[in-house]
$ cat model-v6.cif   # mmCIF, C-alpha atoms
data_query
loop_
_atom_site.group_PDB
_atom_site.id
_atom_site.type_symbol
_atom_site.label_atom_id
_atom_site.label_comp_id
_atom_site.auth_asym_id
_atom_site.auth_seq_id
_atom_site.Cartn_x
_atom_site.Cartn_y
_atom_site.Cartn_z
ATOM 1 C CA MET A 1 23.706 -77.921 -59.536
ATOM 2 C CA ASP A 2 26.263 -80.278 -61.043
ATOM 3 C CA VAL A 3 25.990 -79.613 -64.790
ATOM 4 C CA ILE A 4 24.150 -76.945 -66.783
ATOM 5 C CA SER A 5 23.889 -76.829 -70.552
ATOM 6 C CA LEU A 6 22.144 -74.810 -73.233
ATOM 7 C CA GLY A 7 21.025 -75.757 -76.697
ATOM 8 C CA GLU A 8 18.265 -77.076 -78.895
ATOM 9 C CA THR A 9 16.216 -80.213 -78.376
ATOM 10 C CA MET A 10 13.818 -81.325 -81.090
ATOM 11 C CA VAL A 11 11.168 -83.929 -81.684
ATOM 12 C CA LEU A 12 12.637 -86.906 -83.535
ATOM 13 C CA PHE A 13 10.569 -88.995 -85.941
ATOM 14 C CA THR A 14 11.895 -92.460 -86.743
ATOM 15 C CA PRO A 15 10.232 -94.809 -89.263
ATOM 16 C CA ASN A 16 9.009 -98.044 -87.722
ATOM 17 C CA LEU A 17 10.755 -100.002 -90.490
ATOM 18 C CA HIS A 18 14.187 -99.736 -92.082
ATOM 19 C CA GLY A 19 14.615 -98.366 -95.592
ATOM 20 C CA LYS A 20 14.180 -95.114 -97.496
ATOM 21 C CA MET A 21 11.620 -92.807 -95.940
ATOM 22 C CA ARG A 22 9.817 -92.293 -99.233
ATOM 23 C CA TYR A 23 8.492 -95.838 -98.905
ATOM 24 C CA LEU A 24 7.561 -95.649 -95.217
ATOM 25 C CA ASN A 25 4.441 -94.173 -93.641
ATOM 26 C CA GLN A 26 4.535 -95.082 -89.957
ATOM 27 C CA PHE A 27 6.763 -93.180 -87.544
ATOM 28 C CA THR A 28 7.518 -93.147 -83.843
ATOM 29 C CA SER A 29 8.164 -89.781 -82.190
ATOM 30 C CA LYS A 30 10.835 -89.284 -79.558
ATOM 31 C CA ILE A 31 12.937 -86.365 -78.398
ATOM 32 C CA ALA A 32 16.624 -85.749 -78.990
ATOM 33 C CA GLY A 33 19.180 -83.011 -78.561
ATOM 34 C CA ALA A 34 22.894 -83.338 -77.864
ATOM 35 C CA GLU A 35 22.792 -81.281 -74.702
ATOM 36 C CA THR A 36 19.678 -82.809 -73.154
ATOM 37 C CA ASN A 37 20.910 -86.289 -74.111
ATOM 38 C CA THR A 38 23.944 -85.686 -71.910
ATOM 39 C CA LEU A 39 21.972 -83.977 -69.140
ATOM 40 C CA ILE A 40 19.473 -86.844 -69.024
ATOM 41 C CA GLY A 41 22.330 -89.343 -68.952
ATOM 42 C CA LEU A 42 23.762 -87.541 -65.938
ATOM 43 C CA SER A 43 20.371 -87.237 -64.268
ATOM 44 C CA LYS A 44 19.778 -90.994 -64.575
ATOM 45 C CA LEU A 45 23.034 -91.497 -62.675
ATOM 46 C CA GLY A 46 21.845 -89.267 -59.852
ATOM 47 C CA HIS A 47 23.485 -85.958 -60.745
ATOM 48 C CA GLN A 48 21.731 -82.585 -60.644
ATOM 49 C CA THR A 49 21.352 -81.022 -64.092
ATOM 50 C CA GLY A 50 19.742 -77.940 -65.614
ATOM 51 C CA TRP A 51 18.851 -76.927 -69.151
ATOM 52 C CA ILE A 52 18.630 -73.456 -70.713
ATOM 53 C CA SER A 53 16.719 -73.196 -73.998
ATOM 54 C CA ARG A 54 13.686 -71.959 -75.904
ATOM 55 C CA LEU A 55 10.797 -74.051 -77.210
ATOM 56 C CA GLY A 56 7.799 -73.229 -79.319
ATOM 57 C CA GLN A 57 4.589 -72.889 -77.339
ATOM 58 C CA ASP A 58 3.169 -75.812 -79.286
ATOM 59 C CA GLU A 59 2.507 -79.507 -78.779
ATOM 60 C CA PHE A 60 6.047 -80.500 -79.778
ATOM 61 C CA GLY A 61 7.431 -78.046 -77.242
ATOM 62 C CA ALA A 62 5.110 -79.468 -74.594
ATOM 63 C CA GLN A 63 6.266 -82.989 -75.442
ATOM 64 C CA ILE A 64 9.919 -82.048 -75.025
ATOM 65 C CA LEU A 65 9.370 -80.093 -71.828
ATOM 66 C CA THR A 66 7.372 -82.911 -70.262
ATOM 67 C CA LEU A 67 9.886 -85.615 -71.146
ATOM 68 C CA VAL A 68 13.020 -83.682 -70.176
ATOM 69 C CA ARG A 69 11.449 -82.662 -66.877
ATOM 70 C CA GLY A 70 10.305 -86.235 -66.336
ATOM 71 C CA GLU A 71 13.886 -87.457 -66.676
ATOM 72 C CA GLY A 72 14.911 -85.265 -63.748
ATOM 73 C CA VAL A 73 16.457 -82.302 -65.571
ATOM 74 C CA ASP A 74 15.592 -78.855 -64.223
ATOM 75 C CA VAL A 75 13.727 -76.916 -66.951
ATOM 76 C CA SER A 76 12.990 -73.749 -64.999
ATOM 77 C CA ARG A 77 15.172 -71.729 -67.406
ATOM 78 C CA VAL A 78 13.423 -72.931 -70.585
ATOM 79 C CA ALA A 79 11.333 -70.184 -72.230
ATOM 80 C CA LEU A 80 8.248 -70.828 -74.373
ATOM 81 C CA ASP A 81 7.712 -68.758 -77.531
ATOM 82 C CA GLU A 82 4.356 -68.727 -79.324
ATOM 83 C CA SER A 83 5.711 -66.881 -82.366
ATOM 84 C CA VAL A 84 8.099 -69.602 -83.632
ATOM 85 C CA PRO A 85 7.908 -73.415 -83.775
ATOM 86 C CA THR A 86 9.780 -76.181 -82.034
ATOM 87 C CA GLY A 87 12.278 -77.879 -84.354
ATOM 88 C CA VAL A 88 11.806 -81.422 -85.632
ATOM 89 C CA PHE A 89 14.005 -83.923 -87.439
ATOM 90 C CA PHE A 90 13.827 -87.356 -89.022
ATOM 91 C CA LYS A 91 16.143 -90.339 -88.709
ATOM 92 C CA GLU A 92 16.269 -92.610 -91.752
ATOM 93 C CA ILE A 93 17.793 -96.019 -91.000
ATOM 94 C CA ILE A 94 18.670 -97.815 -94.212
ATOM 95 C CA ASN A 95 20.614 -100.430 -92.238
ATOM 96 C CA ARG A 96 22.879 -100.513 -89.183
ATOM 97 C CA ASP A 97 25.743 -98.934 -91.143
ATOM 98 C CA HIS A 98 23.725 -96.365 -93.063
ATOM 99 C CA VAL A 99 21.757 -93.792 -91.056
ATOM 100 C CA ASN A 100 20.634 -90.433 -92.479
ATOM 101 C CA ILE A 101 19.434 -87.445 -90.463
ATOM 102 C CA TYR A 102 17.151 -84.761 -91.903
ATOM 103 C CA TYR A 103 16.670 -81.558 -89.896
ATOM 104 C CA TYR A 104 13.774 -79.084 -90.033
ATOM 105 C CA ARG A 105 14.994 -76.511 -87.556
ATOM 106 C CA LYS A 106 15.451 -73.244 -89.485
ATOM 107 C CA ASN A 107 14.001 -70.303 -87.485
ATOM 108 C CA SER A 108 13.057 -72.658 -84.665
ATOM 109 C CA ALA A 109 12.422 -71.359 -81.163
ATOM 110 C CA ALA A 110 15.842 -72.464 -79.922
ATOM 111 C CA SER A 111 17.563 -70.552 -82.716
ATOM 112 C CA GLN A 112 16.153 -67.378 -81.146
ATOM 113 C CA LEU A 113 18.224 -67.780 -77.969
ATOM 114 C CA THR A 114 19.935 -64.567 -76.897
ATOM 115 C CA PRO A 115 22.246 -63.613 -74.018
ATOM 116 C CA ALA A 116 19.163 -62.144 -72.304
ATOM 117 C CA ASP A 117 17.925 -65.721 -71.794
ATOM 118 C CA LEU A 118 20.843 -66.442 -69.460
ATOM 119 C CA ASP A 119 20.510 -66.304 -65.678
ATOM 120 C CA ARG A 120 23.908 -65.383 -64.291
ATOM 121 C CA GLU A 121 23.218 -66.742 -60.799
ATOM 122 C CA TYR A 122 21.890 -70.020 -62.214
ATOM 123 C CA ILE A 123 25.074 -70.655 -64.202
ATOM 124 C CA ALA A 124 27.306 -69.510 -61.349
ATOM 125 C CA LYS A 125 25.985 -72.248 -59.046
ATOM 126 C CA ALA A 126 26.999 -75.086 -61.385
ATOM 127 C CA LYS A 127 30.156 -77.177 -61.201
ATOM 128 C CA PHE A 128 30.317 -77.618 -64.986
ATOM 129 C CA LEU A 129 28.923 -75.727 -67.977
ATOM 130 C CA TYR A 130 28.576 -78.184 -70.855
ATOM 131 C CA VAL A 131 28.484 -76.701 -74.358
ATOM 132 C CA THR A 132 28.569 -78.169 -77.851
ATOM 133 C CA GLY A 133 29.479 -76.838 -81.268
ATOM 134 C CA ILE A 134 25.893 -77.238 -82.439
ATOM 135 C CA THR A 135 24.365 -74.286 -80.611
ATOM 136 C CA PRO A 136 26.632 -71.517 -82.003
ATOM 137 C CA ALA A 137 25.871 -72.797 -85.501
ATOM 138 C CA LEU A 138 22.115 -72.228 -85.163
ATOM 139 C CA SER A 139 22.159 -68.425 -85.459
ATOM 140 C CA PRO A 140 24.288 -65.363 -84.682
ATOM 141 C CA SER A 141 22.323 -64.784 -81.479
ATOM 142 C CA CYS A 142 22.925 -68.386 -80.385
ATOM 143 C CA LYS A 143 26.632 -67.890 -81.003
ATOM 144 C CA ASP A 144 26.590 -64.753 -78.861
ATOM 145 C CA THR A 145 24.700 -66.632 -76.169
ATOM 146 C CA ILE A 146 27.237 -69.432 -76.002
ATOM 147 C CA PHE A 147 30.138 -67.031 -75.588
ATOM 148 C CA ARG A 148 28.254 -65.034 -72.971
ATOM 149 C CA ALA A 149 27.487 -68.222 -71.027
ATOM 150 C CA ILE A 150 31.160 -69.183 -71.155
ATOM 151 C CA GLU A 151 32.116 -65.726 -69.905
ATOM 152 C CA ILE A 152 29.697 -65.990 -66.980
ATOM 153 C CA ALA A 153 30.956 -69.449 -66.114
ATOM 154 C CA LYS A 154 34.607 -68.430 -66.186
ATOM 155 C CA ASP A 155 33.896 -65.360 -64.059
ATOM 156 C CA ASN A 156 32.419 -67.647 -61.415
ATOM 157 C CA GLY A 157 34.917 -70.491 -61.470
ATOM 158 C CA VAL A 158 32.614 -72.913 -63.294
ATOM 159 C CA LYS A 159 34.542 -75.393 -65.447
ATOM 160 C CA ILE A 160 33.793 -75.360 -69.180
ATOM 161 C CA VAL A 161 33.276 -78.715 -70.901
ATOM 162 C CA PHE A 162 33.201 -78.627 -74.701
ATOM 163 C CA ASP A 163 32.126 -81.251 -77.207
ATOM 164 C CA PRO A 164 32.772 -79.831 -80.706
ATOM 165 C CA ASN A 165 29.909 -81.956 -82.097
ATOM 166 C CA LEU A 166 30.568 -80.686 -85.622
ATOM 167 C CA ARG A 167 27.507 -80.253 -87.867
ATOM 168 C CA ARG A 168 28.892 -79.162 -91.240
ATOM 169 C CA LYS A 169 25.421 -78.774 -92.750
ATOM 170 C CA LEU A 170 24.695 -75.897 -90.358
ATOM 171 C CA TRP A 171 27.504 -73.511 -91.358
ATOM 172 C CA GLU A 172 30.481 -72.914 -93.606
ATOM 173 C CA ASP A 173 33.680 -74.763 -92.768
ATOM 174 C CA ASP A 174 35.768 -71.645 -92.194
ATOM 175 C CA GLU A 175 33.319 -70.158 -89.695
ATOM 176 C CA ALA A 176 32.860 -73.519 -88.006
ATOM 177 C CA ARG A 177 36.601 -74.063 -87.608
ATOM 178 C CA GLU A 178 37.223 -70.549 -86.314
ATOM 179 C CA THR A 179 34.345 -70.688 -83.824
ATOM 180 C CA LEU A 180 35.081 -74.184 -82.529
ATOM 181 C CA LEU A 181 38.738 -73.319 -81.971
ATOM 182 C CA GLU A 182 37.737 -70.130 -80.162
ATOM 183 C CA ILE A 183 35.487 -72.090 -77.811
ATOM 184 C CA ALA A 184 38.159 -74.758 -77.372
ATOM 185 C CA GLY A 185 40.574 -72.027 -76.319
ATOM 186 C CA GLN A 186 38.307 -71.212 -73.372
ATOM 187 C CA ALA A 187 37.407 -74.765 -72.352
ATOM 188 C CA ASP A 188 38.825 -76.734 -69.438
ATOM 189 C CA ILE A 189 37.752 -80.137 -70.766
ATOM 190 C CA ILE A 190 37.363 -81.020 -74.465
ATOM 191 C CA LEU A 191 35.681 -84.172 -75.802
ATOM 192 C CA PRO A 192 36.291 -84.313 -79.576
ATOM 193 C CA GLY A 193 35.735 -87.171 -81.977
ATOM 194 C CA ILE A 194 38.634 -88.207 -84.165
ATOM 195 C CA GLY A 195 36.840 -86.766 -87.220
ATOM 196 C CA GLU A 196 36.578 -83.393 -85.496
ATOM 197 C CA CYS A 197 40.285 -83.541 -84.720
ATOM 198 C CA GLU A 198 40.954 -83.970 -88.420
ATOM 199 C CA PHE A 199 38.619 -81.073 -89.282
ATOM 200 C CA LEU A 200 40.236 -78.714 -86.779
ATOM 201 C CA PHE A 201 43.917 -79.714 -87.005
ATOM 202 C CA GLY A 202 44.253 -81.729 -90.200
ATOM 203 C CA THR A 203 45.303 -84.942 -88.476
ATOM 204 C CA ARG A 204 43.714 -88.195 -87.397
ATOM 205 C CA ASN A 205 46.573 -88.817 -84.991
ATOM 206 C CA CYS A 206 44.718 -88.529 -81.702
ATOM 207 C CA GLU A 207 47.817 -87.805 -79.655
ATOM 208 C CA LYS A 208 48.914 -84.918 -81.870
ATOM 209 C CA ALA A 209 45.384 -83.485 -81.961
ATOM 210 C CA ALA A 210 44.992 -83.785 -78.199
ATOM 211 C CA ASN A 211 48.284 -81.973 -77.665
ATOM 212 C CA SER A 212 47.029 -79.194 -79.933
ATOM 213 C CA PHE A 213 44.000 -78.799 -77.686
ATOM 214 C CA LEU A 214 46.254 -78.707 -74.619
ATOM 215 C CA THR A 215 48.281 -75.969 -76.282
ATOM 216 C CA LEU A 216 45.083 -73.937 -76.620
ATOM 217 C CA GLY A 217 44.655 -74.121 -72.852
ATOM 218 C CA ALA A 218 42.590 -77.229 -72.103
ATOM 219 C CA LYS A 219 43.388 -79.130 -68.904
ATOM 220 C CA LEU A 220 41.924 -82.460 -70.072
ATOM 221 C CA VAL A 221 41.290 -83.768 -73.587
ATOM 222 C CA VAL A 222 39.480 -87.028 -74.295
ATOM 223 C CA VAL A 223 39.378 -88.118 -77.946
ATOM 224 C CA LYS A 224 36.579 -90.502 -78.914
ATOM 225 C CA LEU A 225 37.840 -93.296 -81.162
ATOM 226 C CA GLY A 226 34.605 -95.197 -81.743
ATOM 227 C CA GLU A 227 35.079 -98.955 -81.658
ATOM 228 C CA LYS A 228 38.703 -98.417 -80.620
ATOM 229 C CA GLY A 229 37.731 -96.722 -77.354
ATOM 230 C CA ALA A 230 39.213 -93.381 -76.332
ATOM 231 C CA TYR A 231 42.492 -91.575 -75.712
ATOM 232 C CA TYR A 232 42.908 -89.094 -72.874
ATOM 233 C CA THR A 233 45.644 -86.683 -71.914
ATOM 234 C CA THR A 234 46.459 -83.955 -69.423
ATOM 235 C CA ALA A 235 49.759 -82.194 -68.793
ATOM 236 C CA ALA A 236 50.650 -84.960 -66.334
ATOM 237 C CA GLU A 237 49.139 -88.211 -67.662
ATOM 238 C CA LYS A 238 47.778 -89.899 -70.736
ATOM 239 C CA GLY A 239 46.466 -93.249 -71.856
ATOM 240 C CA TYR A 240 44.121 -95.333 -73.981
ATOM 241 C CA ILE A 241 40.888 -96.904 -72.783
ATOM 242 C CA ASP A 242 39.455 -99.871 -74.666
ATOM 243 C CA SER A 243 35.898 -99.871 -75.926
ATOM 244 C CA PHE A 244 33.192 -102.129 -74.526
ATOM 245 C CA THR A 245 31.856 -104.995 -76.593
ATOM 246 C CA VAL A 246 28.195 -105.024 -77.610
ATOM 247 C CA LYS A 247 26.659 -107.922 -79.475
ATOM 248 C CA ASN A 248 24.264 -105.907 -81.614
ATOM 249 C CA VAL A 249 24.565 -102.229 -82.589
ATOM 250 C CA VAL A 250 21.021 -101.009 -83.197
ATOM 251 C CA ASP A 251 21.458 -97.221 -83.391
ATOM 252 C CA PRO A 252 24.815 -95.433 -83.074
ATOM 253 C CA VAL A 253 23.349 -91.913 -82.921
ATOM 254 C CA GLY A 254 23.677 -90.377 -79.455
ATOM 255 C CA ALA A 255 26.623 -92.524 -78.353
ATOM 256 C CA GLY A 256 28.888 -89.480 -78.072
ATOM 257 C CA ASP A 257 26.401 -87.714 -75.822
ATOM 258 C CA GLY A 258 26.247 -90.773 -73.597
ATOM 259 C CA PHE A 259 30.043 -90.855 -73.570
ATOM 260 C CA ALA A 260 30.112 -87.252 -72.338
ATOM 261 C CA ALA A 261 27.626 -88.091 -69.591
ATOM 262 C CA GLY A 262 29.805 -90.980 -68.466
ATOM 263 C CA VAL A 263 33.003 -88.944 -68.360
ATOM 264 C CA LEU A 264 31.379 -86.070 -66.468
ATOM 265 C CA SER A 265 29.682 -88.467 -64.070
ATOM 266 C CA GLY A 266 33.011 -90.078 -63.323
ATOM 267 C CA LEU A 267 34.650 -86.717 -62.659
ATOM 268 C CA LEU A 268 31.760 -85.661 -60.417
ATOM 269 C CA ASP A 269 32.187 -88.922 -58.504
ATOM 270 C CA HIS A 270 35.912 -88.145 -58.109
ATOM 271 C CA LEU A 271 37.045 -91.171 -60.090
ATOM 272 C CA THR A 272 40.456 -91.142 -61.705
ATOM 273 C CA ILE A 273 40.519 -89.773 -65.241
ATOM 274 C CA ALA A 274 41.048 -93.271 -66.650
ATOM 275 C CA GLU A 275 38.055 -94.579 -64.683
ATOM 276 C CA ALA A 276 35.895 -91.651 -65.801
ATOM 277 C CA VAL A 277 36.799 -92.241 -69.449
ATOM 278 C CA LYS A 278 36.054 -95.939 -69.010
ATOM 279 C CA ARG A 279 32.590 -95.026 -67.718
ATOM 280 C CA GLY A 280 32.141 -92.838 -70.781
ATOM 281 C CA CYS A 281 33.066 -95.730 -73.069
ATOM 282 C CA ALA A 282 30.619 -98.008 -71.257
ATOM 283 C CA ILE A 283 27.655 -95.652 -71.555
ATOM 284 C CA GLY A 284 28.497 -94.809 -75.156
ATOM 285 C CA ALA A 285 28.397 -98.516 -75.961
ATOM 286 C CA MET A 286 25.127 -99.033 -74.090
ATOM 287 C CA VAL A 287 23.401 -96.247 -76.018
ATOM 288 C CA THR A 288 24.069 -98.008 -79.326
ATOM 289 C CA THR A 289 22.084 -101.091 -78.306
ATOM 290 C CA ILE A 290 18.677 -99.386 -78.235
ATOM 291 C CA ASN A 291 16.903 -97.259 -80.843
ATOM 292 C CA GLY A 292 16.725 -93.627 -79.780
ATOM 293 C CA ASP A 293 19.107 -91.076 -78.333
ATOM 294 C CA ILE A 294 18.136 -91.302 -74.636
ATOM 295 C CA GLU A 295 16.408 -94.654 -74.369
ATOM 296 C CA GLY A 296 19.677 -96.570 -73.874
ATOM 297 C CA LEU A 297 21.075 -94.284 -71.185
ATOM 298 C CA PRO A 298 21.488 -96.338 -67.988
ATOM 299 C CA ASN A 299 20.878 -95.795 -64.320
ATOM 300 C CA ARG A 300 23.648 -96.837 -61.933
ATOM 301 C CA LYS A 301 22.381 -100.380 -61.466
ATOM 302 C CA GLU A 302 22.195 -100.958 -65.223
ATOM 303 C CA LEU A 303 25.625 -99.401 -65.733
ATOM 304 C CA ASN A 304 27.193 -101.635 -63.083
ATOM 305 C CA GLN A 305 25.553 -104.743 -64.552
ATOM 306 C CA PHE A 306 26.863 -103.881 -68.008
ATOM 307 C CA THR A 307 30.437 -103.203 -66.882
ATOM 308 C CA ASP A 308 30.477 -106.330 -64.688
ATOM 309 C CA SER A 309 29.177 -108.415 -67.595
ATOM 310 C CA ASN A 310 31.886 -107.120 -69.906
ATOM 311 C CA LEU A 311 34.538 -107.768 -67.257
ATOM 312 C CA ASN A 312 33.326 -111.353 -66.832
ATOM 313 C CA ASP A 313 33.350 -111.869 -70.603
ATOM 314 C CA GLU A 314 36.966 -110.718 -70.778
ATOM 315 C CA VAL A 315 37.978 -113.024 -67.924
ATOM 316 C CA ASN A 316 36.291 -116.018 -69.575
ATOM 317 C CA ARG A 317 37.877 -115.512 -72.983
#

$ encode --input "model-v6.cif" --output "C-alpha cells"
Amino acid sequence: MDVISLGETMVLFTPNLHGKMRYLNQFTSKIAGAETNTLIGLSKLGHQTGWISRLGQDEFGAQILTLVRGEGVDVSRVALDESVPTGVFFKEIINRDHVNIYYYRKNSAASQLTPADLDREYIAKAKFLYVTGITPALSPSCKDTIFRAIEIAKDNGVKIVFDPNLRRKLWEDDEARETLLEIAGQADIILPGIGECEFLFGTRNCEKAANSFLTLGAKLVVVKLGEKGAYYTTAAEKGYIDSFTVKNVVDPVGAGDGFAAGVLSGLLDHLTIAEAVKRGCAIGAMVTTINGDIEGLPNRKELNQFTDSNLNDEVNR
C-alpha cells in the first residue's frame, strides 16, 4: 500500500444554480472528504491507497462506499454503523469568489472512530500515513485515534504526512492550535496553507513559518500560496514553484487536497522535491476548473496534457 488515511467523508449537496440556498430547490449530490479526495487523486494516478473510517449503515453511507471503492481506494477497513448517520454538508456558491459551506456532521458515524478501529498491520504496510487537522476536531475519540495511528506508523517506519486543514468552526482556537502543533511535531512532511501558517505561528511569511515547522522536526514543508504557487523547504534545499494558469475557476474547494495528491504522487514516483511540488500545483489548479471535490482530479494522461499545454502557453507568450 502506498498511502493510507483516516477521516470523514460526507455526502455533498450543491444547488444546481448559483445564489443563496434559501431561493434554490434543486440540488446535485456528490461525495467529498479531505482524506478521500487525496486518496482518490492518488488512485487515479495509479497509486495504491486505503481508507479507514466509519459510515452510517444508510443510503448515504452506501453511496460513499460505492463511489470511493469505484475510484480504486481500498475500503476494507471502513466500518458500517446502524446506530448513527452518515454526515452531510451543503455548498452554497454565491459566485466564483463567494462560496459558503454548511456542515451537518454532529454525532455522525465518522465522529465515533476510536483507536479500536485501527488495524496495526494494515497501517504498517503503507509507505505514507496521510492525516489532516479535520479528524481530531470531530470528537475526543477521533483525536485519540489520530494520535494512535501516528504512533503505529512511527513504530513501523511509515512516514507521516500532515495537512493542517484548519476548520475553526469545529473547535476552539486554543485547542486547535495546540493539537495541530502536536501533530506537526510528529510529522515528516507538512503541507500547510499560508493562512494556517498565520494561525499557528502568527506570520504570513512562508519562509519563516516553514522554518518553524522544520524546527518542530519536519523533514519537508510545502506551503500552499494559492495563485502564487507554493514554497518548499528541507534542511538542504528550498525554492518557489509557480502556479499553473487556468482560464476559468469554477470551484476552488478541494484544490488543496488535489495539491497533496500531486505532491505525494511525485514523491512516490521518486521525482525531485521541486518536480513533486510542481505536480501538486498542477493538480490543484485542475481541480478548480470543475464543480466538485473529486471530479477534476486527473489521471496521468490528463495531467500530462494539462502540464504540456501550460508549458506551450508559456513558450508562446

$ resolve_selection --input "model-v6.cif" --expression "the PyMOL selection byres ((chain A and resi 141) around 12)" --output "compact mmCIF listing (two decimals) with C-alpha atoms, in the frame of the given file"
# COMPACT_ATOMS: atom_id res chain seq x y z
CA ASN A 107 14.00 -70.30 -87.48
CA ALA A 109 12.42 -71.36 -81.16
CA ALA A 110 15.84 -72.46 -79.92
CA SER A 111 17.56 -70.55 -82.72
CA GLN A 112 16.15 -67.38 -81.15
CA LEU A 113 18.22 -67.78 -77.97
CA THR A 114 19.93 -64.57 -76.90
CA PRO A 115 22.25 -63.61 -74.02
CA ALA A 116 19.16 -62.14 -72.30
CA ASP A 117 17.92 -65.72 -71.79
CA THR A 135 24.36 -74.29 -80.61
CA PRO A 136 26.63 -71.52 -82.00
CA ALA A 137 25.87 -72.80 -85.50
CA LEU A 138 22.12 -72.23 -85.16
CA SER A 139 22.16 -68.42 -85.46
CA PRO A 140 24.29 -65.36 -84.68
CA CYS A 142 22.92 -68.39 -80.39
CA LYS A 143 26.63 -67.89 -81.00
CA ASP A 144 26.59 -64.75 -78.86
CA THR A 145 24.70 -66.63 -76.17
CA ILE A 146 27.24 -69.43 -76.00
CA PHE A 147 30.14 -67.03 -75.59
CA ARG A 148 28.25 -65.03 -72.97

$ closest_residue --input "model-v6.cif" --among "A:Tyr232, A:Ala285, A:Ile4, A:Cys197" --to "Glu121 (chain A)" --atoms "all atoms listed in the file"
A:Ile4

$ atom_distance --input "model-v6.cif" --atom1 "CA of Lys208 (chain A)" --atom2 "CA of Cys281 (chain A)"
21.1 Å

$ closest_residue --input "model-v6.cif" --among "A:Leu216, A:Leu42, A:Met10, A:Leu200" --to "Lys30 (chain A)" --atoms "all atoms listed in the file"
A:Met10

$ resolve_selection --input "model-v6.cif" --expression "the PyMOL selection byres ((chain A and resi 48) around 7)" --output "list in words"
Met1, Asp2, Val3, Ser43, Gly46, His47 and Thr49 of chain A

$ closest_residue --input "model-v6.cif" --among "A:Leu55, A:Ala153, A:Ile93, A:Ala218" --to "Phe27 (chain A)" --atoms "all atoms listed in the file"
A:Ile93

$ closest_residue --input "model-v6.cif" --among "A:Cys206, A:Val161, A:Leu166, A:Ala261" --to "Ala184 (chain A)" --atoms "only C-alpha atoms"
A:Val161

$ closest_residue --input "model-v6.cif" --among "A:Tyr130, A:Val11, A:Asp58, A:Val158" --to "Tyr104 (chain A)" --atoms "all atoms listed in the file"
A:Val11

$ residues_near_point --input "model-v6.cif" --point "(17.0, -82.6, -85.4)" --cutoff "12 Å" --atoms "only C-alpha atoms" --output "NGL selection string"
:A and (7-14 or 29-34 or 86-92 or 100-106 or 108 or 110 or 134 or 138 or 167 or 169-170 or 253-254 or 293)

$ atom_distance --input "model-v6.cif" --atom1 "CA of Leu264 (chain A)" --atom2 "CA of Ile123 (chain A)"
16.8 Å

$ closest_residue --input "model-v6.cif" --among "A:Glu82, A:Asp97, A:Glu71, A:Asp188" --to "Asn248 (chain A)" --atoms "all atoms listed in the file"
A:Asp97

$ atom_distance --input "model-v6.cif" --atom1 "CA of Gly185 (chain A)" --atom2 "CA of Gly284 (chain A)"
25.8 Å

$ resolve_selection --input "model-v6.cif" --expression "the PyMOL selection byres ((chain A and resi 178) around 12)" --output "list in words"
Gly133, Pro136, Ala137, Pro164, Trp171, Glu172, Asp173, Asp174, Glu175, Ala176, Arg177, Thr179, Leu180, Leu181, Glu182, Ile183, Ala184, Gly185, Phe199, Leu200 and Phe201 of chain A

$ residues_around --input "model-v6.cif" --residues "region 299-307 of chain A" --least-positions-apart "4" --cutoff "9 Å" --atoms "all atoms listed in the file" --output "list in words"
Gly41, Leu42, Ser43, Lys44, Leu45, Gly46, Phe244, Arg279, Ala282, Ile283, Met286, Leu311 and Asn312 of chain A

$ residues_near_point --input "model-v6.cif" --point "(38.2, -88.1, -87.4)" --cutoff "10 Å" --atoms "only C-alpha atoms" --output "NGL selection string"
:A and (192-200 or 202-206 or 223-226)

$ decode --input "model-v6.cif" --residues "region 192-200 of chain A" --atoms "N, CA, C and O atoms" --output "mmCIF file, in the first residue's frame"
data_model
loop_
_atom_site.group_PDB
_atom_site.id
_atom_site.type_symbol
_atom_site.label_atom_id
_atom_site.label_comp_id
_atom_site.auth_asym_id
_atom_site.auth_seq_id
_atom_site.Cartn_x
_atom_site.Cartn_y
_atom_site.Cartn_z
ATOM 1 N N PRO A 192 1.009 22.901 4.812
ATOM 2 C CA PRO A 192 0.097 23.931 5.306
ATOM 3 C C PRO A 192 -0.257 24.958 4.237
ATOM 4 O O PRO A 192 0.488 25.172 3.270
ATOM 5 N N GLY A 193 -1.397 25.597 4.410
ATOM 6 C CA GLY A 193 -1.716 26.789 3.638
ATOM 7 C C GLY A 193 -1.144 27.999 4.347
ATOM 8 O O GLY A 193 -0.825 27.943 5.544
ATOM 9 N N ILE A 194 -1.013 29.097 3.643
ATOM 10 C CA ILE A 194 -0.416 30.282 4.252
ATOM 11 C C ILE A 194 -1.284 30.811 5.393
ATOM 12 O O ILE A 194 -0.775 31.319 6.394
ATOM 13 N N GLY A 195 -2.612 30.639 5.305
ATOM 14 C CA GLY A 195 -3.493 31.050 6.388
ATOM 15 C C GLY A 195 -3.284 30.226 7.639
ATOM 16 O O GLY A 195 -3.377 30.732 8.767
ATOM 17 N N GLU A 196 -2.991 28.941 7.456
ATOM 18 C CA GLU A 196 -2.714 28.072 8.611
ATOM 19 C C GLU A 196 -1.369 28.414 9.237
ATOM 20 O O GLU A 196 -1.204 28.301 10.458
ATOM 21 N N CYS A 197 -0.437 28.850 8.432
ATOM 22 C CA CYS A 197 0.847 29.317 8.972
ATOM 23 C C CYS A 197 0.625 30.517 9.897
ATOM 24 O O CYS A 197 1.199 30.608 10.984
ATOM 25 N N GLU A 198 -0.227 31.427 9.444
ATOM 26 C CA GLU A 198 -0.523 32.603 10.255
ATOM 27 C C GLU A 198 -1.217 32.204 11.550
ATOM 28 O O GLU A 198 -0.908 32.729 12.630
ATOM 29 N N PHE A 199 -2.154 31.255 11.476
ATOM 30 C CA PHE A 199 -2.874 30.798 12.664
ATOM 31 C C PHE A 199 -1.927 30.155 13.670
ATOM 32 O O PHE A 199 -2.025 30.388 14.881
ATOM 33 N N LEU A 200 -0.995 29.352 13.181
ATOM 34 C CA LEU A 200 -0.119 28.597 14.080
ATOM 35 C C LEU A 200 1.076 29.401 14.573
ATOM 36 O O LEU A 200 1.509 29.241 15.715
#
